[in-house]
$ cat structure33.txt   # compact mmCIF, C-alpha atoms
# COMPACT_ATOMS: atom_id res chain seq x y z
CA MET A 556 87.28 -126.41 171.47
CA THR A 557 89.42 -127.61 168.57
CA LYS A 558 89.00 -125.57 165.39
CA ILE A 559 89.06 -127.68 162.24
CA ILE A 560 88.94 -127.41 158.46
CA ILE A 561 87.53 -130.33 156.46
CA THR A 562 89.01 -130.92 153.01
CA GLY A 563 86.94 -133.07 150.68
CA SER A 564 83.89 -131.58 152.38
CA LYS A 565 81.45 -132.46 149.58
CA GLY A 566 82.37 -136.13 149.56
CA ARG A 567 80.66 -138.89 151.54
CA MET A 568 83.14 -138.74 154.40
CA GLY A 569 83.27 -134.95 154.39
CA LYS A 570 79.52 -134.81 154.85
CA ALA A 571 79.66 -137.45 157.60
CA LEU A 572 82.32 -135.45 159.45
CA ALA A 573 80.17 -132.32 159.34
CA ALA A 574 77.13 -134.26 160.56
CA CYS A 575 79.00 -135.85 163.49
CA ALA A 576 80.96 -132.75 164.52
CA PRO A 577 78.31 -131.46 167.00
CA ASN A 578 78.95 -134.58 169.10
CA HIS A 579 82.62 -133.65 169.62
CA PRO A 580 84.48 -130.67 171.13
CA VAL A 581 85.30 -129.27 167.69
CA LYS A 582 84.29 -126.21 165.70
CA ILE A 583 84.30 -126.35 161.91
CA VAL A 584 85.85 -123.10 160.68
CA GLY A 585 86.13 -124.13 157.03
CA GLN A 586 84.92 -126.70 154.50
CA VAL A 587 87.04 -127.03 151.38
CA ASP A 588 86.44 -128.93 148.17
CA ILE A 589 87.46 -128.73 144.50
CA GLY A 590 88.06 -125.12 143.49
CA ASP A 591 88.14 -123.77 147.06
CA ASP A 592 91.14 -121.99 148.57
CA LEU A 593 92.53 -123.79 151.61
CA GLN A 594 95.47 -121.42 151.95
CA GLY A 595 93.15 -118.45 152.44
CA ILE A 596 91.53 -119.93 155.57
CA ILE A 597 94.07 -122.39 157.00
CA ASP A 598 95.31 -119.96 159.66
CA GLN A 599 91.86 -120.06 161.29
CA ALA A 600 92.23 -123.75 162.19
CA ASP A 601 94.10 -125.88 164.70
CA VAL A 602 93.77 -129.07 162.63
CA VAL A 603 93.07 -129.90 158.98
CA VAL A 604 91.06 -133.10 158.45
CA ASP A 605 91.76 -134.40 154.94
CA PHE A 606 89.30 -136.72 153.22
CA SER A 607 89.83 -135.31 149.74
CA SER A 608 91.79 -137.54 147.33
CA HIS A 609 95.13 -139.35 147.44
CA SER A 610 96.46 -137.01 144.75
CA VAL A 611 95.42 -133.89 146.68
CA THR A 612 96.73 -134.89 150.11
CA PRO A 613 100.43 -134.03 149.44
CA ALA A 614 99.48 -130.40 148.64
CA VAL A 615 97.32 -130.26 151.77
CA ALA A 616 100.22 -131.66 153.80
CA GLU A 617 102.59 -129.06 152.37
CA LEU A 618 100.25 -126.24 153.40
CA CYS A 619 99.93 -127.71 156.89
CA ILE A 620 103.73 -127.78 157.24
CA LYS A 621 104.00 -124.20 156.00
CA HIS A 622 101.37 -122.93 158.45
CA ARG A 623 102.27 -125.34 161.30
CA LYS A 624 98.83 -126.93 161.49
CA ALA A 625 98.20 -130.47 162.71
CA LEU A 626 96.85 -132.87 160.09
CA VAL A 627 94.56 -135.91 160.09
CA VAL A 628 94.79 -137.89 156.83
CA GLY A 629 91.88 -140.10 155.84
CA THR A 630 92.59 -140.55 152.13
CA THR A 631 93.81 -143.91 150.77
CA GLY A 632 95.34 -145.27 147.58
CA HIS A 633 98.56 -143.21 147.73
CA ASN A 634 101.48 -144.13 145.50
CA GLU A 635 105.03 -144.18 146.88
CA VAL A 636 105.76 -140.55 145.97
CA GLU A 637 102.56 -139.37 147.66
CA GLN A 638 103.33 -141.44 150.75
CA GLN A 639 106.77 -139.88 151.03
CA ALA A 640 105.28 -136.39 150.77
CA ILE A 641 102.86 -137.16 153.60
CA ARG A 642 105.51 -138.75 155.82
CA ARG A 643 107.57 -135.57 155.53
CA CYS A 644 105.03 -133.94 157.87
CA GLN A 645 106.23 -135.88 160.90
CA ASP A 646 109.36 -133.75 161.20
CA HIS A 647 107.34 -130.53 161.35
CA ILE A 648 103.77 -131.12 162.62
CA PRO A 649 101.71 -133.75 164.45
CA LEU A 650 100.08 -136.08 161.91
CA VAL A 651 97.54 -138.86 162.40
CA TRP A 652 97.48 -141.16 159.38
CA SER A 653 95.35 -144.29 159.49
CA ALA A 654 93.83 -146.50 156.82
CA ASN A 655 90.61 -146.59 158.81
CA TYR A 656 89.42 -144.43 161.72
CA SER A 657 86.78 -146.83 163.06
CA THR A 658 87.40 -147.93 166.64
CA GLY A 659 86.17 -151.40 165.67
CA VAL A 660 88.53 -151.69 162.71
CA ASN A 661 91.51 -150.65 164.80
CA THR A 662 90.53 -153.36 167.28
CA LEU A 663 90.51 -155.73 164.27
CA PHE A 664 94.07 -154.60 163.46
CA TRP A 665 95.15 -155.45 167.00
CA LEU A 666 93.35 -158.82 167.01
CA THR A 667 94.81 -159.73 163.62
CA ARG A 668 98.34 -159.22 164.89
CA LYS A 669 97.70 -161.25 168.04
CA ALA A 670 96.02 -164.09 166.11
CA ALA A 671 98.88 -164.27 163.61
CA GLU A 672 101.39 -164.42 166.47
CA ILE A 673 99.47 -167.16 168.29
CA LEU A 674 98.56 -169.34 165.30
CA GLY A 675 101.99 -169.28 163.70
CA PRO A 676 103.04 -170.30 160.19
CA GLY A 677 100.75 -173.33 159.82
CA PHE A 678 97.76 -171.25 158.72
CA ASP A 679 97.07 -169.87 155.24
CA LEU A 680 96.31 -166.14 155.28
CA GLU A 681 93.63 -164.43 153.17
CA VAL A 682 92.11 -160.95 153.41
CA VAL A 683 88.74 -160.18 151.79
CA GLU A 684 87.20 -156.70 151.59
CA MET A 685 84.01 -155.32 150.05
CA HIS A 686 83.04 -151.70 149.41
CA HIS A 687 80.41 -149.72 147.51
CA ARG A 688 80.46 -149.48 143.72
CA TYR A 689 81.84 -145.92 143.79
CA LYS A 690 85.15 -146.70 145.52
CA VAL A 691 87.97 -145.94 143.08
CA ASP A 692 90.95 -147.72 144.68
CA ALA A 693 91.60 -151.38 145.42
CA PRO A 694 92.44 -152.97 147.69
CA SER A 695 91.10 -150.72 150.38
CA GLY A 696 93.61 -149.03 152.66
CA THR A 697 92.24 -151.11 155.51
CA ALA A 698 92.78 -154.38 153.65
CA ALA A 699 96.31 -153.29 152.74
CA THR A 700 97.01 -152.52 156.40
CA LEU A 701 95.70 -155.93 157.48
CA ALA A 702 97.95 -157.62 154.93
CA GLN A 703 100.91 -155.53 156.11
CA ILE A 704 100.25 -156.62 159.70
CA LEU A 705 100.21 -160.28 158.66
CA ALA A 706 103.42 -159.92 156.66
CA LYS A 707 105.19 -158.12 159.47
CA VAL A 708 104.33 -160.85 161.99
CA ARG A 709 105.82 -163.42 159.59
CA GLY A 710 108.89 -161.32 158.87
CA GLN A 711 107.97 -160.97 155.19
CA GLN A 712 107.98 -158.13 152.70
CA LEU A 713 104.35 -157.86 151.61
CA ALA A 714 105.26 -157.01 148.01
CA ASP A 715 107.04 -160.37 147.75
CA VAL A 716 104.15 -162.52 148.99
CA VAL A 717 100.87 -160.70 148.26
CA ARG A 718 98.49 -162.31 145.75
CA HIS A 719 95.56 -160.37 144.34
CA GLY A 720 92.98 -162.90 143.17
CA ARG A 721 93.42 -166.21 141.32
CA GLN A 722 92.45 -167.39 137.88
CA GLY A 723 93.10 -170.44 135.72
CA ILE A 724 95.40 -173.31 136.62
CA THR A 725 97.18 -171.72 139.54
CA GLY A 726 98.73 -174.83 141.08
CA GLU A 727 98.74 -175.49 144.79
CA ARG A 728 98.64 -172.53 147.11
CA ASN A 729 102.07 -171.26 148.13
CA PRO A 730 102.03 -171.36 151.96
CA ALA A 731 104.05 -168.13 152.11
CA GLU A 732 101.56 -166.04 150.15
CA ILE A 733 98.98 -163.63 151.58
CA GLY A 734 95.84 -163.40 149.48
CA VAL A 735 94.05 -160.05 149.19
CA HIS A 736 90.70 -159.90 147.41
CA SER A 737 88.50 -156.88 146.64
CA LEU A 738 84.75 -156.97 146.02
CA ARG A 739 82.74 -153.97 144.82
CA GLY A 740 78.99 -153.46 144.67
CA GLY A 741 75.95 -151.60 145.90
CA ASP A 742 76.26 -149.26 148.86
CA VAL A 743 78.49 -151.34 151.15
CA VAL A 744 80.25 -148.96 153.55
CA GLY A 745 83.07 -151.39 154.32
CA ASP A 746 83.42 -155.10 155.16
CA HIS A 747 86.76 -156.69 156.05
CA THR A 748 87.53 -160.31 156.92
CA VAL A 749 90.87 -161.90 157.78
CA ILE A 750 90.91 -165.67 157.26
CA PHE A 751 93.36 -168.01 158.99
CA ALA A 752 92.87 -171.42 157.35
CA ALA A 753 94.62 -174.63 158.36
CA LEU A 754 93.94 -178.32 157.74
CA GLY A 755 90.97 -179.13 159.95
CA GLU A 756 90.11 -175.65 161.22
CA ARG A 757 89.59 -172.06 160.19
CA LEU A 758 89.49 -168.80 162.14
CA GLU A 759 87.84 -165.69 160.67
CA LEU A 760 87.98 -162.18 162.11
CA SER A 761 85.44 -159.80 160.58
CA HIS A 762 84.35 -156.20 160.86
CA LYS A 763 81.34 -154.77 159.02
CA ALA A 764 80.57 -151.07 158.94
CA THR A 765 76.98 -150.04 158.24
CA SER A 766 77.45 -146.29 158.63
CA ARG A 767 80.23 -143.85 157.80
CA ASP A 768 79.52 -142.24 161.15
CA THR A 769 81.80 -144.83 162.76
CA LEU A 770 84.67 -143.56 160.61
CA ALA A 771 83.75 -139.91 161.09
CA ASN A 772 83.52 -140.19 164.87
CA GLY A 773 86.90 -141.90 165.02
CA ALA A 774 88.49 -139.24 162.81
CA LEU A 775 87.03 -136.47 164.97
CA ARG A 776 88.34 -138.22 168.08
CA ALA A 777 91.77 -138.27 166.42
CA THR A 778 91.41 -134.60 165.53
CA VAL A 779 90.90 -133.54 169.13
CA TRP A 780 93.77 -135.79 170.28
CA VAL A 781 96.34 -134.66 167.70
CA ALA A 782 95.81 -130.96 168.40
CA SER A 783 97.85 -131.26 171.61
CA GLN A 784 100.62 -133.58 170.35
CA LYS A 785 104.22 -132.91 169.42
CA PRO A 786 105.35 -133.26 165.78
CA GLY A 787 105.41 -136.89 164.73
CA LEU A 788 103.59 -139.62 162.82
CA TYR A 789 100.73 -141.22 164.75
CA THR A 790 97.99 -143.77 164.03
CA MET A 791 94.69 -144.64 165.68
CA PHE A 792 96.65 -147.07 167.85
CA ASP A 793 98.18 -144.01 169.50
CA VAL A 794 94.83 -142.23 169.74
CA LEU A 795 93.16 -145.28 171.34
CA GLY A 796 96.13 -146.28 173.53
CA LEU A 797 96.62 -149.62 171.74
CA ARG A 798 100.28 -149.09 170.83
$ encode --input "structure33.txt" --output "C-alpha cells"
Amino acid sequence: MTKIIITGSKGRMGKALAACAPNHPVKIVGQVDIGDDLQGIIDQADVVVDFSSHSVTPAVAELCIKHRKALVVGTTGHNEVEQQAIRRCQDHIPLVWSANYSTGVNTLFWLTRKAAEILGPGFDLEVVEMHHRYKVDAPSGTAATLAQILAKVRGQQLADVVRHGRQGITGERNPAEIGVHSLRGGDVVGDHTVIFAALGERLELSHKATSRDTLANGALRATVWVASQKPGLYTMFDVLGLR
C-alpha cells in the first residue's frame, strides 16, 4: 500500500484524487491546501501528489527533496524558473511530471508523434484545446505538449514557430508555423484536437474528457509506479510503457 499526501486537496483535481483513491492500492495520509503545513506531515508519506498551483509546486518539490519523498506533479502553467526548480528533483528523488495523466491523452501524444512522422512536412499543423471557464492558464499543458511533440518531429524550436490565434490581415499561412488555439467556456473538462491539414485532405486526432476521474486514476497509477523507482524524471510514457 502506497502512502500518499495530496496537495491542492480542495481543488477539483484534489477532490477527484480522493474520490478515486479507494480503487487503487494507496492510502491517503494527508490532504494539504492553502494554509496547511505540508512539512509537518510529509514524513508519513511515500509519495506527494501535487495538484496545487504552478507557483506552489517548486516549494513542494523542495520539501520532497529534503525529505526524500517521491513526487507526482500535476500542475501546469509553470514559467521557466519554476520548471527549473521542478527539474532539480530528478537528481535526488523519483519524479513523474506530465501535462496530462489520462491514459487516453498519453495515447494521443504517441499517435501525434507517429502521425507527424508519417505525414511529413506537407501538412499544416494546428492544435485546438477547450477547457472550463475557471481554468487560469492558456494554452493548457496538454496542448503545449502536443505542440512540442510536433515541433520536435520537425526539428524546430517551438518558440520560433508557434502562433497563438490570428486576427486581421495575416497574409498566407507560414507552412513552418504550428498554430495553438485555446477556447474557454462552461464546464468542459478537457478537449484536445491535433489537425494535420494538406491540400485535398485533413487528418484530425481528438481526445475529449468528460470526467476528471480519468486524470485522477492516471495520476494514482503513476503514484503507485513512482514509489518504487530510482531518482529521475519520468512521464506517463514511462508509467504506461510507451517510451
$ residues_around --input "structure33.txt" --residues "range 696-706 of chain A" --least-positions-apart "5" --cutoff "8 Å" --atoms "all atoms listed in the file" --output "list in words"
Thr631, Gly632, Ala654, Asn655, Phe664, Thr667, Arg668, Ala671, Leu680, Val682, Val683, Glu684, Gln711, Gln712, Leu713, Val717, Ile733, Val735, His747 and Val749 of chain A
$ residues_around --input "structure33.txt" --residues "Ala571 in chain A" --least-positions-apart "2" --cutoff "7 Å" --atoms "all atoms listed in the file" --output "short mmCIF file (atom, residue, chain, number, x, y, z; two decimals) with C-alpha atoms, in the coordinates of the input"
data_model
loop_
_atom_site.label_atom_id
_atom_site.label_comp_id
_atom_site.auth_asym_id
_atom_site.auth_seq_id
_atom_site.Cartn_x
_atom_site.Cartn_y
_atom_site.Cartn_z
CA ARG A 567 80.66 -138.89 151.54
CA MET A 568 83.14 -138.74 154.40
CA GLY A 569 83.27 -134.95 154.39
CA ALA A 573 80.17 -132.32 159.34
CA ALA A 574 77.13 -134.26 160.56
CA CYS A 575 79.00 -135.85 163.49
CA ARG A 767 80.23 -143.85 157.80
CA ASP A 768 79.52 -142.24 161.15
CA ALA A 771 83.75 -139.91 161.09
#
$ closest_residue --input "structure33.txt" --among "A:Leu775, A:Ser653, A:Gly787, A:His633" --to "Ile583 in chain A" --atoms "only C-alpha atoms"
A:Leu775
$ closest_residue --input "structure33.txt" --among "A:Val691, A:Asn661, A:Glu681, A:Asn634" --to "Val716 in chain A" --atoms "all atoms listed in the file"
A:Glu681
$ closest_residue --input "structure33.txt" --among "A:Gln784, A:Gln639, A:Gln594, A:Thr562" --to "Ala625 in chain A" --atoms "only C-alpha atoms"
A:Gln784
$ residues_around --input "structure33.txt" --residues "Glu635 in chain A" --least-positions-apart "4" --cutoff "12 Å" --atoms "all atoms listed in the file" --output "ChimeraX atom specification"
/A:609-610,613,631,639-642
$ residues_around --input "structure33.txt" --residues "His762 in chain A" --least-positions-apart "4" --cutoff "9 Å" --atoms "all atoms listed in the file" --output "number ranges by chain"
A: 659-660, 663, 745-748
